[in-house]
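Novice: Encoded as structure tokens, here's the structure I'll be asking about.
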Amino acid sequence: MHPLGIMSVNGKKVLHMDRNSYYGGESASITPLEDLYKRFNLPGTPPESMGRGRDWNVDLIPKFLMANGQLVKMLLYTEVTRYLDFKVIEGSFVYKGGKIYKVPSTEAEALASSLMGLFEKRRFRKFLVYVANFDENDPRTFEGVDPKKTTMRDVYKKFDLGQDVIDFTGHALALYRTDDYLDQPCQETINRIKLYSESLARNGKSPYLYPLYGLGELPQGFARLSAIYGGTYMLNKPIEEIVIENGKVVGVKSEGEVARCKQLICDPSYVSDRVTKVGQVIRVICILSHPIKNTNDANSCQIIIPQNQVNRKSDIYVCMISSAHNVAAQGKYIAIASTTVETADPEKEIKPALDLLEPIEQKFVSISDLFAPTDPGTESQIFISRTYDATTHFETTCDDIKDIYKRMMGSEFDFEEMKRKKNDIYGEEEQQ
């Protein structure tokens with residue numbers, strides 16, 4: 001999706017071919033609702049109670065955007081924001097001992113929260129002040145911590161934080177899926193918590209944004225952007241063959257014709273012989289006629305179930321949006337639960353999330369394989385993206401885009417450089 005727009009801005013001539021009749025591949029938003037029923041092989045048509053099919057735009061893969069995160073920067077720098085309207089997600093919640101609690105979004109909320117006791121709150125506040133002041137370029141802010149050596153486990157010890165607070169910090173603020181981060185150098189975690197806080201500061205309610213009409217708007221925005229820079233978009237183009245000469249890609253064959261190229265970017269579904277399976281994700285799309293219990297009737301929210309709370313290795317996520325985002329009929333809510341598969345019974349694994357959503361009017365269950373490229377593509381010039389993971393935000397996707405960029409261009413992706421290139425085309429005066 002995004003490398004395309006970025007490559008166009010970078011002066012590359014881009015042709016985008018998609019075997020589907022809609023934008024976005026596996027991260028599309030499906031409309032009307034009838035199409036979702038067909039896609040999941042559900043018999044019959046949606047009942048009358050679901051309202052008009054056209055009022056629905058259901059994401060196949062649920063993700064929110066971090067307000068201060070990499071994707072929002074990419075959207076701003078490439079001006080895709082011209083084509084999109086965002087709404088702030090109303091709250092983030094975390095699961096503890098079978099109940100959900102709001103992740104505090106202000107100091108007053110933190111002090112009033114029943115997530116932790118009074119003394120714990122004081123220590124947590126000290127920790128947050130430390131994180132806010134931390135600057136990896138200024139050793140005076142380290143307070144005896146070596147960001148490249150000290151583990152996060154030791155930083156938690158330094159502030160004497162208890163297990164519940166550690167769970168909540170690592171999973172609901174730093175947004176790790178597992179606990180592997182505890183024994184890694186703390187710099188990455190501190191920066192993740194800073195990103196969360198800075199994103200939160202921009203909006204107040206939560207650090208997350210979501211586009212009106214669904215995530216399918218993003219690839220469409222990038223397609224429009226690419227067109228401004230001379231890129232071409234073709235839907236309904238079956239890919240018959242990737243043409244290779246002397247180990248290098250030279251073109252793509254579709255409907256008997258070959259479009260010649262020097263470099264190719266694609267997702268794993270087009271090149272099954274060049275990727276390896278690295279896991280599975282289960283996602284359950286649930287249609288509800290009510291907001292989720294204990295969320296203060298929020299019309300959108302995220303719920304994180306830390307793995308420790310349900311004896312797992314990886315977290316379970318819920319993203320909920322509603323008619324307020326023009327993705328569902330009036331009075332309807334879409335909640336999508338997802339997690340990394342760990343056993344032979346994925347539906348049982350995701351049950352703790354579904355229990356929070358009852359009663360559920362209709363469920364759509366998918367189990368997807370996760371693929372990663374087997375080589376960087378520098379020889380063949382075929383650059384393959386990774387499958388979307390179970391996280392509920394786009395940060396890992398952006399890391400993958402930057403990695404593809406580096407493999408293709410041989411240099412790091414630089415936001416500032418992009419800004420300059422865009423100014424050359426649009427002129428400075430438009431950059432408000």
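Within each chain, counting starts at residue 1; across the structure tokens, chains are named A, B, ... in the order shown, with ligands numbered 1 upward in that order.
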So which residues touch Asp179 (chain A) within 12 Å, counting only C-alpha atoms, skipping near sequence neighbours fewer than 3 positions away, as an MDAnalysis selection string?

Specialist: chainID A and resid 152:153 163 166:171 174:176 182:184 189 306:308 312:315

Novice: Do a neighbour search on region 259-272 of chain A at 8 Å with only C-alpha atoms, toss out local chain neighbours closer than 3 positions, and write the hits as a list in words.

Specialist: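 The residues that qualify are Ile239, Val249, Val250, Gly251, Val252, Lys253, Ser254, Val275, Phe371, Ala372, Pro373, Gln381, Ile382, Phe383, Ile384, Ser385, Arg386, Thr387 and Met408 of chain A.
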
Novice: Give me a file of those residues, with all heavy atoms, as a short mmCIF file (atom, residue, chain, number, x, y, z; two decimals), in the first residue's frame.

Specialist:
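Resulting contents of result-v9.cif:
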```cif
data_model
loop_
_atom_site.label_atom_id
_atom_site.label_comp_id
_atom_site.auth_asym_id
_atom_site.auth_seq_id
_atom_site.Cartn_x
_atom_site.Cartn_y
_atom_site.Cartn_z
N ILE A 239 -2.46 -11.65 -11.99
CA ILE A 239 -1.01 -11.74 -12.24
C ILE A 239 -0.72 -13.18 -12.66
O ILE A 239 -0.86 -14.11 -11.86
CB ILE A 239 -0.21 -11.38 -10.96
CG1 ILE A 239 -0.63 -10.01 -10.42
CG2 ILE A 239 1.29 -11.42 -11.25
CD1 ILE A 239 -0.44 -8.84 -11.36
N VAL A 249 14.13 -9.69 -11.74
CA VAL A 249 12.78 -9.46 -12.27
C VAL A 249 12.87 -8.47 -13.44
O VAL A 249 13.60 -7.47 -13.37
CB VAL A 249 11.82 -8.91 -11.17
CG1 VAL A 249 12.27 -7.55 -10.65
CG2 VAL A 249 10.39 -8.84 -11.69
N VAL A 250 12.16 -8.77 -14.54
CA VAL A 250 12.15 -7.83 -15.67
C VAL A 250 10.73 -7.42 -16.06
O VAL A 250 10.53 -6.51 -16.86
CB VAL A 250 12.86 -8.42 -16.93
CG1 VAL A 250 14.36 -8.58 -16.66
CG2 VAL A 250 12.23 -9.74 -17.35
N GLY A 251 9.72 -8.12 -15.46
CA GLY A 251 8.36 -7.74 -15.82
C GLY A 251 7.31 -8.61 -15.14
O GLY A 251 7.63 -9.58 -14.45
N VAL A 252 6.06 -8.22 -15.37
CA VAL A 252 4.92 -8.96 -14.81
C VAL A 252 3.94 -9.22 -15.94
O VAL A 252 3.59 -8.30 -16.70
CB VAL A 252 4.23 -8.12 -13.70
CG1 VAL A 252 2.96 -8.83 -13.24
CG2 VAL A 252 5.17 -7.90 -12.53
N LYS A 253 3.51 -10.48 -16.06
CA LYS A 253 2.62 -10.86 -17.16
C LYS A 253 1.18 -10.89 -16.65
O LYS A 253 0.89 -11.53 -15.64
CB LYS A 253 3.02 -12.23 -17.69
CG LYS A 253 2.31 -12.62 -18.97
CD LYS A 253 2.88 -13.93 -19.49
CE LYS A 253 2.10 -14.41 -20.70
NZ LYS A 253 2.49 -15.77 -21.06
N SER A 254 0.29 -10.18 -17.35
CA SER A 254 -1.13 -10.19 -16.98
C SER A 254 -1.96 -10.17 -18.25
O SER A 254 -1.74 -9.33 -19.12
CB SER A 254 -1.45 -8.95 -16.13
OG SER A 254 -2.83 -8.90 -15.89
N VAL A 275 8.44 -16.93 0.11
CA VAL A 275 8.11 -16.54 1.48
C VAL A 275 8.05 -17.77 2.37
O VAL A 275 7.95 -18.90 1.88
CB VAL A 275 6.75 -15.80 1.56
CG1 VAL A 275 6.82 -14.46 0.87
CG2 VAL A 275 5.62 -16.65 0.99
N PHE A 371 3.22 -14.53 6.72
CA PHE A 371 4.38 -14.86 5.89
C PHE A 371 5.43 -13.76 5.96
O PHE A 371 5.11 -12.59 6.13
CB PHE A 371 3.96 -15.03 4.42
CG PHE A 371 3.07 -16.21 4.18
CD1 PHE A 371 1.71 -16.05 3.98
CD2 PHE A 371 3.60 -17.50 4.17
CE1 PHE A 371 0.88 -17.14 3.76
CE2 PHE A 371 2.77 -18.60 3.95
CZ PHE A 371 1.41 -18.42 3.75
N ALA A 372 6.69 -14.17 5.81
CA ALA A 372 7.79 -13.21 5.72
C ALA A 372 8.65 -13.64 4.53
O ALA A 372 8.73 -14.83 4.21
CB ALA A 372 8.61 -13.23 7.00
N PRO A 373 9.29 -12.66 3.87
CA PRO A 373 10.14 -13.02 2.71
C PRO A 373 11.34 -13.86 3.14
O PRO A 373 11.85 -13.70 4.25
CB PRO A 373 10.60 -11.66 2.17
CG PRO A 373 10.34 -10.67 3.26
CD PRO A 373 9.25 -11.22 4.11
N GLN A 381 15.57 -8.21 -7.05
CA GLN A 381 14.84 -6.94 -7.10
C GLN A 381 13.33 -7.13 -6.93
O GLN A 381 12.51 -6.31 -7.36
CB GLN A 381 15.15 -6.15 -8.39
CG GLN A 381 16.60 -5.67 -8.47
CD GLN A 381 16.91 -4.56 -7.44
OE1 GLN A 381 16.39 -3.47 -7.52
NE2 GLN A 381 17.77 -4.86 -6.47
N ILE A 382 12.97 -8.25 -6.27
CA ILE A 382 11.57 -8.47 -5.86
C ILE A 382 11.52 -8.21 -4.36
O ILE A 382 12.17 -8.91 -3.59
CB ILE A 382 11.11 -9.90 -6.18
CG1 ILE A 382 11.18 -10.17 -7.69
CG2 ILE A 382 9.69 -10.15 -5.65
CD1 ILE A 382 10.87 -11.60 -8.08
N PHE A 383 10.76 -7.18 -3.97
CA PHE A 383 10.72 -6.78 -2.56
C PHE A 383 9.35 -7.14 -1.99
O PHE A 383 8.33 -6.63 -2.45
CB PHE A 383 11.01 -5.29 -2.44
CG PHE A 383 12.34 -4.93 -3.05
CD1 PHE A 383 12.40 -4.44 -4.36
CD2 PHE A 383 13.52 -5.13 -2.36
CE1 PHE A 383 13.62 -4.15 -4.95
CE2 PHE A 383 14.74 -4.84 -2.94
CZ PHE A 383 14.80 -4.35 -4.24
N ILE A 384 9.37 -8.04 -1.02
CA ILE A 384 8.12 -8.61 -0.52
C ILE A 384 7.83 -8.08 0.88
O ILE A 384 8.71 -8.06 1.74
CB ILE A 384 8.23 -10.16 -0.49
CG1 ILE A 384 8.64 -10.68 -1.88
CG2 ILE A 384 6.92 -10.79 -0.04
CD1 ILE A 384 9.19 -12.09 -1.88
N SER A 385 6.59 -7.66 1.08
CA SER A 385 6.20 -7.16 2.41
C SER A 385 5.86 -8.34 3.31
O SER A 385 5.65 -9.46 2.85
CB SER A 385 4.98 -6.25 2.28
OG SER A 385 3.90 -6.98 1.73
N ARG A 386 5.78 -8.06 4.60
CA ARG A 386 5.35 -9.09 5.56
C ARG A 386 3.83 -9.03 5.69
O ARG A 386 3.22 -8.00 5.45
CB ARG A 386 5.96 -8.81 6.95
CG ARG A 386 7.48 -8.83 6.95
CD ARG A 386 8.04 -8.42 8.31
NE ARG A 386 7.85 -9.50 9.29
CZ ARG A 386 8.76 -10.46 9.52
NH1 ARG A 386 9.88 -10.49 8.83
NH2 ARG A 386 8.53 -11.39 10.43
N THR A 387 3.22 -10.14 6.09
CA THR A 387 1.77 -10.14 6.32
C THR A 387 1.45 -9.26 7.53
O THR A 387 2.25 -9.17 8.46
CB THR A 387 1.29 -11.58 6.63
OG1 THR A 387 1.92 -12.48 5.72
CG2 THR A 387 -0.21 -11.71 6.47
N MET A 408 15.29 -1.43 -1.24
CA MET A 408 15.16 -0.98 -2.63
C MET A 408 16.14 0.13 -2.99
O MET A 408 16.74 0.15 -4.05
CB MET A 408 13.75 -0.44 -2.88
CG MET A 408 12.71 -1.49 -3.05
SD MET A 408 11.15 -0.72 -3.50
CE MET A 408 11.39 -0.35 -5.24
#
```

Novice: List the spatial neighbours of Pro185 (chain A) as JSON, numbers by chain - criterion: any atom at most 8 Å away, only C-alpha atoms, same-chain residues fewer than 4 positions off excluded.

Specialist: {"A": [147, 148, 149, 150, 151, 152, 181]}

Novice: Output the selection as a tab-separated table (two decimals), in the first residue's frame - N, CA and C atoms for each residue.

Specialist:
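So the final result, stored in part00.tsv, reads:
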```tsv
chain	number	residue	atom	x	y	z
A	147	PRO	N	20.77	3.32	28.35
A	147	PRO	CA	19.65	2.96	27.45
A	147	PRO	C	19.96	1.79	26.52
A	148	LYS	N	21.25	1.59	26.21
A	148	LYS	CA	21.61	0.53	25.26
A	148	LYS	C	21.96	-0.79	25.97
A	149	LYS	N	22.07	-0.73	27.32
A	149	LYS	CA	22.46	-1.95	28.05
A	149	LYS	C	21.47	-2.35	29.14
A	150	THR	N	21.02	-1.38	29.94
A	150	THR	CA	20.11	-1.69	31.06
A	150	THR	C	18.82	-2.31	30.52
A	151	THR	N	18.39	-3.43	31.08
A	151	THR	CA	17.14	-4.04	30.60
A	151	THR	C	15.95	-3.29	31.17
A	152	MET	N	14.79	-3.48	30.50
A	152	MET	CA	13.58	-2.82	30.98
A	152	MET	C	13.17	-3.39	32.33
A	181	TYR	N	10.37	-8.26	25.64
A	181	TYR	CA	11.03	-6.95	25.76
A	181	TYR	C	11.69	-6.73	27.12
```

Novice: Which residue is closest to His290 (chain A)? Choose from A:Ile228, A:Ala390, A:Ala337, A:Leu357 and count only C-alpha atoms.

Specialist: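 Closest to His290 (chain A), using only C-alpha atoms: A:Leu357.
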
Novice: Considering only alpha helix (DSSP H) as DSSP defines it on the backbone, what residues of region 67-282 of chain A qualify? List them as a PyMOL selection string.

Specialist: chain A and resi 70-77+107-112+118-133+152-158+163-168+187-203+217-228

Novice: Record the distance separating CA of Ile334 (chain A) and CA of Cys301 (chain A), expressed in Å with one decimal.

Specialist: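 Between these atoms lies a distance of 10.6 Å.
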
Novice: For region 296-412 of chain A against region 213-216 of chain A, with a cut-off of 9 Å and counting only C-alpha atoms, what is the closest atom pair and its distance in Å to one decimal for every residue that makes the cut, ordered by chain and number, as JSON lines?

Specialist:
```
{"residue": "A:His325", "atom": "CA", "partner": "A:Tyr213", "partner_atom": "CA", "distance": 6.1}
{"residue": "A:Asn326", "atom": "CA", "partner": "A:Tyr213", "partner_atom": "CA", "distance": 5.0}
{"residue": "A:Val327", "atom": "CA", "partner": "A:Tyr213", "partner_atom": "CA", "distance": 5.3}
{"residue": "A:Ala328", "atom": "CA", "partner": "A:Tyr213", "partner_atom": "CA", "distance": 8.9}
```

Novice: One number please: CA of Ile282 (chain A) to CA of Ile316 (chain A), in Å, one decimal.

Specialist: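 These atoms are spaced 9.9 Å apart.
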